[in-house]
>>> print(open('model_30.csv').read())   # CSV, C-alpha atoms
chain,number,residue,atom,x,y,z
A,1,MET,CA,279.4,-16.2,108.6
A,2,THR,CA,277.9,-19.7,108.3
A,3,ALA,CA,276.3,-21.6,111.2
A,4,ALA,CA,279.5,-23.8,111.4
A,5,ASP,CA,281.7,-20.7,111.7
A,6,GLU,CA,279.5,-19.3,114.4
A,7,HIS,CA,279.6,-22.6,116.3
A,8,ILE,CA,283.4,-22.6,116.1
A,9,GLU,CA,283.6,-19.0,117.2
A,10,HIS,CA,281.4,-19.7,120.2
A,11,ARG,CA,283.5,-22.6,121.3
A,12,GLN,CA,286.7,-20.5,121.0
A,13,ASN,CA,285.1,-17.8,123.1
A,14,GLN,CA,284.2,-20.4,125.8
A,15,PHE,CA,287.7,-21.8,125.8
A,16,HIS,CA,289.5,-18.4,126.1
A,17,THR,CA,287.0,-17.3,128.8
A,18,TRP,CA,286.8,-20.4,131.0
A,19,GLY,CA,290.0,-22.3,130.0
A,20,VAL,CA,292.2,-20.1,132.2
A,21,TYR,CA,289.9,-20.7,135.2
A,22,GLY,CA,290.1,-24.4,134.5
A,23,LEU,CA,293.9,-24.6,134.3
A,24,LEU,CA,294.1,-22.5,137.5
A,25,ALA,CA,291.7,-24.9,139.2
A,26,VAL,CA,293.6,-28.0,138.1
A,27,SER,CA,296.8,-26.4,139.4
A,28,VAL,CA,295.3,-25.6,142.8
A,29,LEU,CA,293.8,-29.1,143.2
A,30,LEU,CA,297.1,-30.8,142.4
A,31,SER,CA,299.0,-28.5,144.7
A,32,VAL,CA,296.6,-29.2,147.6
A,33,ALA,CA,296.8,-32.9,146.9
A,34,ALA,CA,300.6,-32.7,147.1
A,35,HIS,CA,300.6,-30.4,150.1
A,36,GLU,CA,304.0,-31.6,151.2
A,37,LEU,CA,305.6,-29.4,148.4
A,38,MET,CA,304.8,-26.3,150.4
A,39,THR,CA,306.1,-26.8,153.9
A,40,SER,CA,305.7,-23.4,155.7
A,41,PRO,CA,302.5,-21.4,156.4
A,42,ALA,CA,304.0,-18.4,154.7
A,43,GLU,CA,304.2,-20.4,151.4
A,44,TRP,CA,300.5,-21.4,151.8
A,45,TYR,CA,299.5,-17.8,152.5
A,46,ALA,CA,301.6,-16.5,149.6
A,47,GLY,CA,300.1,-19.2,147.3
A,48,GLY,CA,296.5,-18.3,148.3
A,49,ALA,CA,297.1,-14.6,147.8
A,50,LEU,CA,298.6,-15.3,144.3
A,51,VAL,CA,295.6,-17.5,143.4
A,52,VAL,CA,293.2,-14.8,144.5
A,53,ALA,CA,295.2,-12.3,142.4
A,54,ALA,CA,295.0,-14.6,139.4
A,55,VAL,CA,291.2,-14.8,139.8
A,56,LEU,CA,290.8,-11.0,140.1
A,57,LEU,CA,293.1,-10.5,137.1
A,58,GLN,CA,290.9,-12.8,135.1
A,59,LEU,CA,287.8,-11.0,136.2
A,60,TRP,CA,289.4,-7.7,135.2
A,61,HIS,CA,290.2,-9.0,131.8
A,62,GLY,CA,286.6,-10.1,131.2
A,63,PRO,CA,285.1,-12.8,129.0
A,64,ARG,CA,286.1,-13.1,125.3
A,65,ARG,CA,283.4,-12.0,122.8
A,66,GLY,CA,284.9,-12.6,119.3
A,67,ARG,CA,288.6,-12.6,118.4
A,68,ARG,CA,290.5,-9.8,120.2
A,69,THR,CA,293.0,-7.4,118.6
A,70,PRO,CA,296.4,-6.8,120.3
A,71,SER,CA,296.3,-3.8,122.6
A,72,ARG,CA,298.2,-2.3,125.5
A,73,ARG,CA,295.6,-3.6,128.0
A,74,GLY,CA,296.0,-7.1,126.6
A,75,THR,CA,299.8,-6.9,126.9
A,76,VAL,CA,299.5,-5.8,130.6
A,77,TYR,CA,297.2,-8.7,131.3
A,78,TYR,CA,299.5,-11.2,129.6
A,79,VAL,CA,302.6,-9.9,131.6
A,80,LEU,CA,300.7,-9.8,135.0
A,81,ARG,CA,299.4,-13.3,134.4
A,82,TRP,CA,302.9,-14.6,133.5
A,83,ALA,CA,304.3,-13.0,136.7
A,84,ILE,CA,301.7,-14.6,138.8
A,85,SER,CA,302.2,-18.0,137.2
A,86,PHE,CA,306.0,-17.7,137.6
A,87,ALA,CA,305.6,-16.9,141.3
A,88,LEU,CA,303.2,-19.8,141.8
A,89,THR,CA,305.4,-22.2,139.9
A,90,CYS,CA,308.3,-21.3,142.2
A,91,LEU,CA,306.1,-22.4,145.1
A,92,THR,CA,304.9,-25.6,143.4
A,93,PRO,CA,305.5,-26.9,139.9
A,94,PHE,CA,301.9,-27.9,139.4
A,95,PHE,CA,301.1,-24.3,138.5
A,96,GLY,CA,302.8,-24.9,135.2
A,97,PHE,CA,299.4,-25.9,134.0
A,98,TYR,CA,298.2,-22.3,134.7
A,99,ALA,CA,301.3,-20.9,133.0
A,100,SER,CA,300.6,-22.9,129.8
A,101,ALA,CA,297.6,-20.6,129.1
A,102,GLY,CA,300.1,-18.2,127.6
A,103,TYR,CA,300.5,-20.6,124.6
A,104,PHE,CA,296.9,-19.9,123.4
A,105,ASP,CA,296.4,-16.1,123.4
A,106,SER,CA,299.8,-14.4,122.8
A,107,GLU,CA,298.8,-13.4,119.2
A,108,GLU,CA,295.5,-11.9,120.5
A,109,LEU,CA,297.0,-9.9,123.3
A,110,ILE,CA,300.5,-8.8,122.2
A,111,ALA,CA,301.2,-6.6,119.3
A,112,GLY,CA,304.2,-7.3,117.0
A,113,ARG,CA,305.6,-10.7,116.0
A,114,ARG,CA,308.8,-10.3,117.9
A,115,ARG,CA,307.0,-9.4,121.2
A,116,GLN,CA,304.7,-12.4,120.7
A,117,TRP,CA,307.7,-14.7,120.5
A,118,LEU,CA,309.2,-13.1,123.6
A,119,GLY,CA,305.9,-13.8,125.4
A,120,LEU,CA,305.9,-17.4,124.2
A,121,LEU,CA,309.6,-17.8,125.4
A,122,ALA,CA,308.7,-16.4,128.8
A,123,THR,CA,305.8,-18.9,129.0
A,124,VAL,CA,308.2,-21.8,127.9
A,125,VAL,CA,310.6,-20.8,130.8
A,126,VAL,CA,307.8,-21.2,133.4
A,127,VAL,CA,306.5,-24.5,131.8
A,128,ALA,CA,310.1,-25.9,131.5
A,129,GLY,CA,310.7,-25.0,135.2
A,130,SER,CA,307.5,-26.8,136.1
A,131,GLN,CA,308.5,-29.9,134.2
A,132,SER,CA,311.9,-30.0,135.8
A,133,GLY,CA,310.4,-30.0,139.3
A,134,GLY,CA,310.7,-26.3,140.0
A,135,MET,CA,312.9,-23.4,138.9
A,136,PRO,CA,316.6,-24.7,138.8
A,137,SER,CA,318.9,-24.0,141.8
A,138,GLY,CA,322.6,-24.3,141.9
A,139,SER,CA,322.7,-28.0,140.8
A,140,PRO,CA,324.3,-28.4,137.4
A,141,THR,CA,322.0,-31.4,136.7
A,142,ARG,CA,318.9,-29.3,137.4
A,143,TRP,CA,320.2,-26.6,135.1
A,144,LEU,CA,321.0,-29.1,132.4
A,145,LEU,CA,317.5,-30.7,132.7
A,146,PHE,CA,315.9,-27.3,132.6
A,147,GLY,CA,317.9,-26.3,129.5
A,148,VAL,CA,316.9,-29.4,127.6
A,149,LEU,CA,313.2,-29.0,128.5
A,150,LEU,CA,313.4,-25.3,127.6
A,151,VAL,CA,314.9,-25.9,124.2
A,152,THR,CA,312.5,-28.8,123.5
A,153,ASN,CA,309.4,-26.9,124.5
A,154,PHE,CA,310.4,-23.8,122.6
A,155,GLY,CA,311.2,-25.9,119.5
A,156,LEU,CA,307.7,-27.5,119.7
A,157,VAL,CA,306.1,-24.1,120.1
A,158,MET,CA,308.0,-22.9,117.0
A,159,VAL,CA,307.0,-25.9,114.9
A,160,VAL,CA,303.3,-25.7,116.0
A,161,GLY,CA,303.4,-21.9,115.4
A,162,HIS,CA,304.8,-22.4,111.9
A,163,ILE,CA,302.3,-25.1,111.0
A,164,THR,CA,299.5,-22.9,112.3
A,165,GLN,CA,300.7,-19.9,110.4
A,166,GLN,CA,300.9,-21.9,107.1
A,167,GLU,CA,297.4,-23.3,107.7
A,168,GLU,CA,296.0,-19.8,108.3
A,169,GLN,CA,297.7,-18.6,105.1
A,170,ARG,CA,296.1,-21.5,103.2
A,171,SER,CA,292.8,-20.7,104.7
A,172,ARG,CA,293.1,-17.1,103.6
A,173,GLU,CA,294.1,-18.2,100.1
A,174,ARG,CA,291.2,-20.6,99.9
A,175,ALA,CA,288.9,-17.8,101.0
A,176,VAL,CA,290.3,-15.5,98.3
A,177,THR,CA,289.9,-18.3,95.7
A,178,ILE,CA,286.3,-18.9,96.8
A,179,THR,CA,285.5,-15.2,96.5
A,180,GLU,CA,287.1,-15.1,93.0
A,181,LEU,CA,285.1,-18.2,91.9
A,182,GLU,CA,281.9,-16.7,93.2
A,183,ARG,CA,282.7,-13.4,91.4
A,184,THR,CA,283.5,-15.4,88.2
A,185,ASN,CA,280.4,-17.5,88.5
A,186,ALA,CA,278.3,-14.4,88.9
A,187,ALA,CA,279.9,-12.8,85.9
A,188,LEU,CA,279.4,-16.0,83.9
A,189,GLN,CA,275.8,-16.1,84.8
A,190,ARG,CA,275.3,-12.4,83.8
A,191,ALA,CA,277.0,-13.2,80.5
A,192,LEU,CA,274.7,-16.2,79.9
A,193,ASP,CA,271.7,-14.1,80.7
A,194,GLU,CA,272.9,-11.4,78.4
A,195,ASN,CA,273.6,-14.0,75.7
A,196,ALA,CA,270.1,-15.4,76.0
A,197,ALA,CA,268.6,-11.9,75.8
A,198,LEU,CA,270.7,-11.2,72.7
A,199,HIS,CA,269.7,-14.5,71.1
A,200,ALA,CA,266.1,-13.7,71.7
A,201,GLN,CA,266.6,-10.2,70.3
A,202,LEU,CA,268.4,-11.5,67.2
A,203,LEU,CA,265.5,-13.9,66.6
A,204,VAL,CA,263.0,-11.0,66.8
A,205,GLN,CA,265.2,-8.9,64.5
A,206,ALA,CA,265.6,-11.7,62.1
A,207,ARG,CA,261.8,-12.2,62.0
A,208,GLU,CA,261.3,-8.5,61.5
A,209,ALA,CA,263.9,-8.4,58.8
A,210,GLY,CA,262.3,-11.4,57.2
A,211,VAL,CA,258.9,-9.7,57.2
A,212,ALA,CA,260.4,-6.5,55.7
A,213,ASP,CA,262.2,-8.5,53.0
A,214,GLU,CA,259.0,-10.5,52.2
A,215,ARG,CA,257.1,-7.2,51.9
A,216,ARG,CA,259.7,-5.8,49.6
A,217,ARG,CA,259.7,-9.0,47.6
A,218,LEU,CA,255.9,-9.0,47.3
A,219,ALA,CA,255.9,-5.3,46.3
A,220,ALA,CA,258.5,-5.9,43.6
A,221,GLU,CA,256.6,-9.0,42.3
A,222,ILE,CA,253.3,-7.1,42.2
A,223,HIS,CA,255.0,-4.2,40.4
A,224,ASP,CA,256.8,-6.4,37.9
A,225,THR,CA,253.8,-8.7,37.2
A,226,ILE,CA,250.4,-7.8,38.3
A,227,ALA,CA,250.8,-4.0,38.0
A,228,GLN,CA,252.5,-4.3,34.6
A,229,GLY,CA,249.7,-6.7,33.5
A,230,LEU,CA,247.0,-4.3,34.5
A,231,THR,CA,248.8,-1.5,32.7
A,232,GLY,CA,248.9,-3.6,29.6
A,233,ILE,CA,245.2,-4.5,29.9
A,234,ILE,CA,244.3,-0.8,30.2
A,235,ALA,CA,246.4,0.0,27.2
A,236,GLN,CA,244.8,-2.7,25.1
A,237,LEU,CA,241.3,-1.7,26.1
A,238,GLN,CA,242.0,1.9,25.2
A,239,VAL,CA,243.1,0.7,21.7
A,240,VAL,CA,239.8,-1.3,21.5
A,241,ALA,CA,237.8,1.8,22.4
A,242,ASN,CA,239.3,3.8,19.6
A,243,ALA,CA,239.7,1.0,16.9
A,244,PRO,CA,237.3,1.4,13.9
A,245,ASP,CA,238.0,-2.1,12.6
A,246,PRO,CA,236.3,-5.0,14.6
A,247,ALA,CA,239.2,-7.4,13.7
A,248,VAL,CA,241.7,-5.1,15.2
A,249,ALA,CA,239.5,-4.6,18.3
A,250,ARG,CA,239.1,-8.4,18.6
A,251,THR,CA,242.9,-8.9,18.5
A,252,HIS,CA,243.4,-6.4,21.2
A,253,LEU,CA,240.7,-7.9,23.3
A,254,GLU,CA,242.4,-11.3,23.1
A,255,ARG,CA,245.6,-9.7,24.2
A,256,ALA,CA,243.9,-8.0,27.1
A,257,SER,CA,242.3,-11.4,28.1
A,258,ASP,CA,245.7,-13.1,27.9
A,259,LEU,CA,247.2,-10.4,30.1
A,260,ALA,CA,244.4,-10.7,32.6
A,261,ARG,CA,244.8,-14.5,32.8
A,262,HIS,CA,248.6,-14.1,33.3
A,263,SER,CA,248.1,-11.5,36.0
A,264,LEU,CA,245.6,-13.7,37.7
A,265,GLY,CA,248.2,-16.5,37.7
A,266,GLU,CA,250.8,-14.2,39.2
A,267,ALA,CA,248.4,-13.0,41.9
A,268,ARG,CA,247.6,-16.6,42.8
A,269,ARG,CA,251.3,-17.5,42.9
A,270,SER,CA,252.1,-14.5,45.2
A,271,VAL,CA,249.3,-15.5,47.6
A,272,HIS,CA,250.6,-19.1,47.6
A,273,ASN,CA,254.1,-18.0,48.4
A,274,LEU,CA,252.8,-15.8,51.3
A,275,ALA,CA,250.9,-18.5,53.1
A,276,PRO,CA,252.0,-22.2,52.5
A,277,VAL,CA,248.8,-24.2,52.3
A,278,ALA,CA,250.7,-27.5,52.8
A,279,LEU,CA,251.5,-26.5,56.4
A,280,ALA,CA,247.9,-25.5,57.3
A,281,ASP,CA,246.9,-29.0,58.6
A,282,ALA,CA,250.2,-30.9,59.0
A,283,GLY,CA,253.7,-30.4,60.4
A,284,LEU,CA,256.8,-29.9,58.3
A,285,PRO,CA,257.8,-33.6,57.8
A,286,GLU,CA,254.3,-34.5,56.6
A,287,ALA,CA,254.2,-31.4,54.3
A,288,LEU,CA,257.6,-32.2,52.8
A,289,LYS,CA,256.7,-35.9,52.3
A,290,LYS,CA,253.5,-34.9,50.5
A,291,THR,CA,255.3,-32.2,48.4
A,292,VAL,CA,258.1,-34.6,47.3
A,293,ALA,CA,255.6,-37.4,46.5
A,294,GLU,CA,253.4,-35.0,44.4
A,295,TRP,CA,256.4,-33.6,42.6
A,296,GLY,CA,257.6,-37.1,41.8
A,297,GLU,CA,254.2,-38.1,40.4
A,298,ARG,CA,254.0,-34.9,38.4
A,299,THR,CA,257.5,-35.1,36.9
A,300,GLY,CA,258.0,-38.9,36.7
A,301,VAL,CA,261.3,-38.6,38.6
A,302,ARG,CA,262.0,-41.1,41.3
A,303,ALA,CA,261.8,-39.0,44.5
A,304,GLY,CA,262.2,-40.0,48.2
A,305,PHE,CA,261.9,-38.3,51.5
A,306,THR,CA,263.6,-39.3,54.8
A,307,VAL,CA,263.5,-37.9,58.4
A,308,THR,CA,266.3,-38.5,60.8
A,309,GLY,CA,266.5,-37.6,64.5
A,310,THR,CA,263.6,-36.8,66.7
A,311,ALA,CA,261.1,-34.7,64.9
A,312,GLU,CA,259.8,-31.6,66.7
A,313,GLN,CA,257.1,-29.1,66.0
A,314,LEU,CA,258.9,-26.1,64.4
A,315,HIS,CA,258.1,-22.5,64.5
A,316,GLU,CA,255.8,-21.6,61.6
A,317,GLU,CA,258.3,-19.3,60.0
A,318,VAL,CA,261.1,-21.9,60.1
A,319,ALA,CA,258.8,-24.6,58.7
A,320,ALA,CA,257.6,-22.2,55.9
A,321,THR,CA,261.1,-21.3,55.0
A,322,LEU,CA,262.3,-24.9,54.7
A,323,LEU,CA,259.2,-25.8,52.7
A,324,ARG,CA,259.8,-23.0,50.3
A,325,ILE,CA,263.4,-24.0,49.9
A,326,VAL,CA,262.4,-27.5,49.0
A,327,GLN,CA,259.7,-26.3,46.5
A,328,GLU,CA,262.2,-24.0,44.8
A,329,ALA,CA,264.9,-26.6,44.7
A,330,LEU,CA,262.6,-29.2,43.2
A,331,SER,CA,261.3,-26.6,40.7
A,332,ASN,CA,264.9,-25.9,39.7
A,333,THR,CA,265.6,-29.7,39.4
A,334,ALA,CA,262.5,-30.2,37.2
A,335,ARG,CA,263.5,-27.3,34.9
A,336,HIS,CA,267.3,-27.7,34.6
A,337,ALA,CA,268.7,-31.0,36.1
A,338,ALA,CA,267.1,-33.7,33.9
A,339,ALA,CA,267.6,-36.0,37.0
A,340,GLY,CA,266.5,-39.6,37.3
A,341,ARG,CA,266.5,-39.6,41.1
A,342,VAL,CA,266.0,-37.0,43.9
A,343,GLY,CA,266.4,-37.5,47.6
A,344,VAL,CA,265.2,-35.0,50.3
A,345,THR,CA,266.4,-35.5,53.9
A,346,LEU,CA,265.2,-33.6,57.0
A,347,THR,CA,267.5,-33.9,60.0
A,348,PHE,CA,266.8,-32.8,63.5
A,349,LEU,CA,270.2,-32.4,65.1
A,350,GLY,CA,270.3,-30.8,68.6
A,351,ALA,CA,269.8,-27.1,68.2
A,352,GLU,CA,269.8,-27.2,64.4
A,353,VAL,CA,267.6,-28.4,61.5
A,354,ILE,CA,269.3,-29.6,58.4
A,355,LEU,CA,267.6,-29.9,55.0
A,356,ASP,CA,269.4,-31.7,52.2
A,357,ILE,CA,268.1,-32.0,48.6
A,358,ARG,CA,270.3,-34.1,46.3
A,359,ASP,CA,269.8,-35.2,42.6
A,360,ASP,CA,271.8,-37.2,40.1
A,361,GLY,CA,271.2,-34.7,37.2
A,362,ARG,CA,273.5,-32.9,34.9
A,363,GLY,CA,274.9,-30.6,37.5
A,364,PHE,CA,276.3,-27.1,36.9
A,365,ASP,CA,279.1,-24.8,38.0
A,366,PRO,CA,277.8,-22.8,41.0
A,367,LEU,CA,280.2,-19.9,40.2
A,368,ALA,CA,278.6,-19.5,36.7
A,369,VAL,CA,275.0,-19.2,37.8
A,370,PRO,CA,273.3,-16.4,35.9
A,371,GLN,CA,271.4,-13.6,37.6
A,372,ARG,CA,267.7,-13.9,38.3
A,373,THR,CA,265.5,-13.3,35.3
A,374,GLY,CA,261.8,-12.5,34.9
A,375,SER,CA,261.1,-16.0,33.6
A,376,GLY,CA,262.4,-17.9,36.5
A,377,GLY,CA,261.9,-18.1,40.3
A,378,PHE,CA,264.1,-16.9,43.0
A,379,GLY,CA,266.9,-19.5,42.3
A,380,LEU,CA,269.8,-20.1,44.5
A,381,ASP,CA,270.1,-16.5,45.7
A,382,GLY,CA,266.4,-16.6,46.8
A,383,MET,CA,266.8,-19.8,48.7
A,384,ARG,CA,269.9,-18.5,50.4
A,385,ALA,CA,268.2,-15.3,51.3
A,386,ARG,CA,265.3,-17.3,52.8
A,387,ALA,CA,267.7,-19.2,55.0
A,388,GLU,CA,269.6,-16.2,56.1
A,389,ARG,CA,266.4,-14.4,57.2
A,390,ILE,CA,266.0,-16.8,60.0
A,391,ALA,CA,269.7,-16.8,61.0
A,392,GLY,CA,270.5,-19.9,58.8
A,393,SER,CA,272.8,-20.7,55.9
A,394,LEU,CA,272.6,-22.5,52.6
A,395,THR,CA,275.3,-24.2,50.7
A,396,VAL,CA,275.3,-25.7,47.1
A,397,GLU,CA,277.7,-28.4,45.9
A,398,SER,CA,277.6,-29.3,42.2
A,399,GLU,CA,279.7,-30.2,39.3
A,400,PRO,CA,278.8,-30.7,35.6
A,401,ALA,CA,277.5,-34.3,35.1
A,402,GLN,CA,277.9,-35.0,38.9
A,403,GLY,CA,274.5,-34.0,40.2
A,404,THR,CA,273.6,-31.3,42.7
A,405,ALA,CA,273.4,-31.1,46.5
A,406,VAL,CA,271.6,-28.2,48.3
A,407,SER,CA,271.9,-28.1,52.1
A,408,ALA,CA,270.2,-25.6,54.4
A,409,ARG,CA,271.0,-25.3,58.1
A,410,VAL,CA,268.7,-23.2,60.3
A,411,PRO,CA,268.3,-22.9,64.1
A,412,LEU,CA,265.8,-25.2,65.7
A,413,VAL,CA,263.1,-22.9,67.1
A,414,ASN,CA,260.1,-24.7,68.6
A,415,HIS,CA,256.5,-23.9,67.8
A,416,ASP,CA,255.9,-22.5,71.3
>>> encode(input="model_30.csv", output="structure tokens")
Amino acid sequence: MTAADEHIEHRQNQFHTWGVYGLLAVSVLLSVAAHELMTSPAEWYAGGALVVAAVLLQLWHGPRRGRRTPSRRGTVYYVLRWAISFALTCLTPFFGFYASAGYFDSEELIAGRRRQWLGLLATVVVVAGSQSGGMPSGSPTRWLLFGVLLVTNFGLVMVVGHITQQEEQRSRERAVTITELERTNAALQRALDENAALHAQLLVQAREAGVADERRRLAAEIHDTIAQGLTGIIAQLQVVANAPDPAVARTHLERASDLARHSLGEARRSVHNLAPVALADAGLPEALKKTVAEWGERTGVRAGFTVTGTAEQLHEEVAATLLRIVQEALSNTARHAAAGRVGVTLTFLGAEVILDIRDDGRGFDPLAVPQRTGSGGFGLDGMRARAERIAGSLTVESEPAQGTAVSARVPLVNHD
């Protein structure tokens, strides 16, 4: 219960506890002021006794502490109070104020909707009698006036009761709606927390999967290049050791030397792929700008680099992946596209980073791309695999004689 609800409850307790005393006091004061309405001492004694009985009844009923529930004790109290108010109103109509207390607590004291309406009707009878100047006698005019007042008062009670009931129903519905909204908000917050945890878990898993894939790739490259080269060198040296002819030995030594140089080049390339040197001292935009410029100078192709959006410091794995994709795409362009112009665009777009590499070369049919061979790099499949390792994607658009466009979309994961 809120502080406002507690304040309202306190006010209601005060009204139901002291309101009856107040209405009784007003009735007594008005009756004393209009003392000519009670002409005989017997009426004064009877009125005084009834007032004392009303006070004792109220003391027996006790103060209100919170909303009461209907009970037999409450019904007895309501009936006795009505009887006292009826008797007092017969003595003087000013005690109709005291009788009107029955309007406010019938629902708290009387069980059953029908009995509550009977209690209200009994209260209306006393109040209508008070308004007509006392309970009607044999005069038809008094009875007519009493009947009109009775119907009018009871109609007003029914209208107010109906409005009150509707308002209580709306209040209950609002309370249920608020409870449902709180439950829904709590469930939504739990879902958001779970989604954030799952997102973090997916990033960790993607990183672990990327590390595992990179290890498998390096193992395959070492086996296919360096290990095979070393095996060839050993074989050539064994031939040299057993060759009687110096010319034959020299030939095999030259082959062993070529294999050693080739294996050294493969080892350097593997190390370069593992740790991008371009990112050691600069962010991704600077590294891409330098890479594109150097590639353009080396190949003689007109190349440009553009950054759109607000550049941010990316996670090292995201930056390395995008740099490798650009290097592979430019390498493919130099070998196959015969392009005259290449454009690289890095776009920071909300929660994503988009990398586009476009050229005006000869193009190709993406569905007819051959499988990876030992003479080439990773190709389109390798670039796509790199993007997918960090929960991204890579698309290729190309047609013969229409150039090629490679686009990579990856999540924007900050450096920290």
>>> atom_distance(input="model_30.csv", atom1="atom CA of A:Leu145", atom2="atom CA of A:His35")
24.3 Å
>>> residues_around(input="model_30.csv", residues="A:Val326", least_positions_apart="2", cutoff="9 Å", atoms="all atoms listed in the file", output="list of chain:residue names")
A:Leu288, A:Thr291, A:Val292, A:Thr321, A:Leu322, A:Leu323, A:Arg324, A:Glu328, A:Ala329, A:Leu330, A:Ser331, A:Val344, A:Leu355, A:Asp356, A:Ile357, A:Met383
>>> residues_around(input="model_30.csv", residues="A:Val124", least_positions_apart="4", cutoff="8 Å", atoms="all atoms listed in the file", output="PyMOL selection string")
chain A and resi 100+120+128+150+153-154
>>> write_last_selection(input="model_30.csv", atoms="C-alpha atoms", output="PDB file, in the frame of the given file")
ATOM      1  CA  SER A 100     300.600 -22.900 129.800  1.00  0.00           C
ATOM      2  CA  LEU A 120     305.900 -17.400 124.200  1.00  0.00           C
ATOM      3  CA  ALA A 128     310.100 -25.900 131.500  1.00  0.00           C
ATOM      4  CA  LEU A 150     313.400 -25.300 127.600  1.00  0.00           C
ATOM      5  CA  ASN A 153     309.400 -26.900 124.500  1.00  0.00           C
ATOM      6  CA  PHE A 154     310.400 -23.800 122.600  1.00  0.00           C
TER       7      PHE A 154
END
>>> atom_distance(input="model_30.csv", atom1="atom CA of A:Gly22", atom2="atom CA of A:Val55")
11.0 Å
>>> closest_residue(input="model_30.csv", among="A:Thr251, A:Ser130, A:Thr179, A:Ser171", to="A:Ser27", atoms="all atoms listed in the file")
A:Ser130
>>> residues_around(input="model_30.csv", residues="A:Ala99", least_positions_apart="2", cutoff="7 Å", atoms="only C-alpha atoms", output="list in words")
Trp82, Ser85, Phe95, Gly96, Phe97, Ala101, Gly102, Thr123, Val126 and Val127 of chain A
>>> residues_around(input="model_30.csv", residues="A:Gly304", least_positions_apart="3", cutoff="12 Å", atoms="only C-alpha atoms", output="ChimeraX atom specification")
/A:288-297,301,307,330,340-346,356-359
>>> write_last_selection(input="model_30.csv", atoms="C-alpha atoms", output="PDB file, in the coordinates of the input")
ATOM      1  CA  LEU A 288     257.600 -32.200  52.800  1.00  0.00           C
ATOM      2  CA  LYS A 289     256.700 -35.900  52.300  1.00  0.00           C
ATOM      3  CA  LYS A 290     253.500 -34.900  50.500  1.00  0.00           C
ATOM      4  CA  THR A 291     255.300 -32.200  48.400  1.00  0.00           C
ATOM      5  CA  VAL A 292     258.100 -34.600  47.300  1.00  0.00           C
ATOM      6  CA  ALA A 293     255.600 -37.400  46.500  1.00  0.00           C
ATOM      7  CA  GLU A 294     253.400 -35.000  44.400  1.00  0.00           C
ATOM      8  CA  TRP A 295     256.400 -33.600  42.600  1.00  0.00           C
ATOM      9  CA  GLY A 296     257.600 -37.100  41.800  1.00  0.00           C
ATOM     10  CA  GLU A 297     254.200 -38.100  40.400  1.00  0.00           C
ATOM     11  CA  VAL A 301     261.300 -38.600  38.600  1.00  0.00           C
ATOM     12  CA  VAL A 307     263.500 -37.900  58.400  1.00  0.00           C
ATOM     13  CA  LEU A 330     262.600 -29.200  43.200  1.00  0.00           C
ATOM     14  CA  GLY A 340     266.500 -39.600  37.300  1.00  0.00           C
ATOM     15  CA  ARG A 341     266.500 -39.600  41.100  1.00  0.00           C
ATOM     16  CA  VAL A 342     266.000 -37.000  43.900  1.00  0.00           C
ATOM     17  CA  GLY A 343     266.400 -37.500  47.600  1.00  0.00           C
ATOM     18  CA  VAL A 344     265.200 -35.000  50.300  1.00  0.00           C
ATOM     19  CA  THR A 345     266.400 -35.500  53.900  1.00  0.00           C
ATOM     20  CA  LEU A 346     265.200 -33.600  57.000  1.00  0.00           C
ATOM     21  CA  ASP A 356     269.400 -31.700  52.200  1.00  0.00           C
ATOM     22  CA  ILE A 357     268.100 -32.000  48.600  1.00  0.00           C
ATOM     23  CA  ARG A 358     270.300 -34.100  46.300  1.00  0.00           C
ATOM     24  CA  ASP A 359     269.800 -35.200  42.600  1.00  0.00           C
TER      25      ASP A 359
END
>>> residues_around(input="model_30.csv", residues="A:Gln12", least_positions_apart="2", cutoff="12 Å", atoms="only C-alpha atoms", output="compact mmCIF listing (two decimals) with C-alpha atoms, in the frame of the given file")
# COMPACT_ATOMS: atom_id res chain seq x y z
CA ASP A 5 281.70 -20.70 111.70
CA GLU A 6 279.50 -19.30 114.40
CA HIS A 7 279.60 -22.60 116.30
CA ILE A 8 283.40 -22.60 116.10
CA GLU A 9 283.60 -19.00 117.20
CA HIS A 10 281.40 -19.70 120.20
CA GLN A 14 284.20 -20.40 125.80
CA PHE A 15 287.70 -21.80 125.80
CA HIS A 16 289.50 -18.40 126.10
CA THR A 17 287.00 -17.30 128.80
CA TRP A 18 286.80 -20.40 131.00
CA GLY A 19 290.00 -22.30 130.00
CA PRO A 63 285.10 -12.80 129.00
CA ARG A 64 286.10 -13.10 125.30
CA ARG A 65 283.40 -12.00 122.80
CA GLY A 66 284.90 -12.60 119.30
CA ARG A 67 288.60 -12.60 118.40
CA ARG A 68 290.50 -9.80 120.20
CA PHE A 104 296.90 -19.90 123.40
CA ASP A 105 296.40 -16.10 123.40
>>> closest_residue(input="model_30.csv", among="A:Val413, A:Ala319, A:Leu181, A:Leu253", to="A:Pro285", atoms="all atoms listed in the file")
A:Ala319
>>> closest_residue(input="model_30.csv", among="A:Leu203, A:Ala34, A:Ala83, A:Ala260", to="A:Leu50", atoms="all atoms listed in the file")
A:Ala83
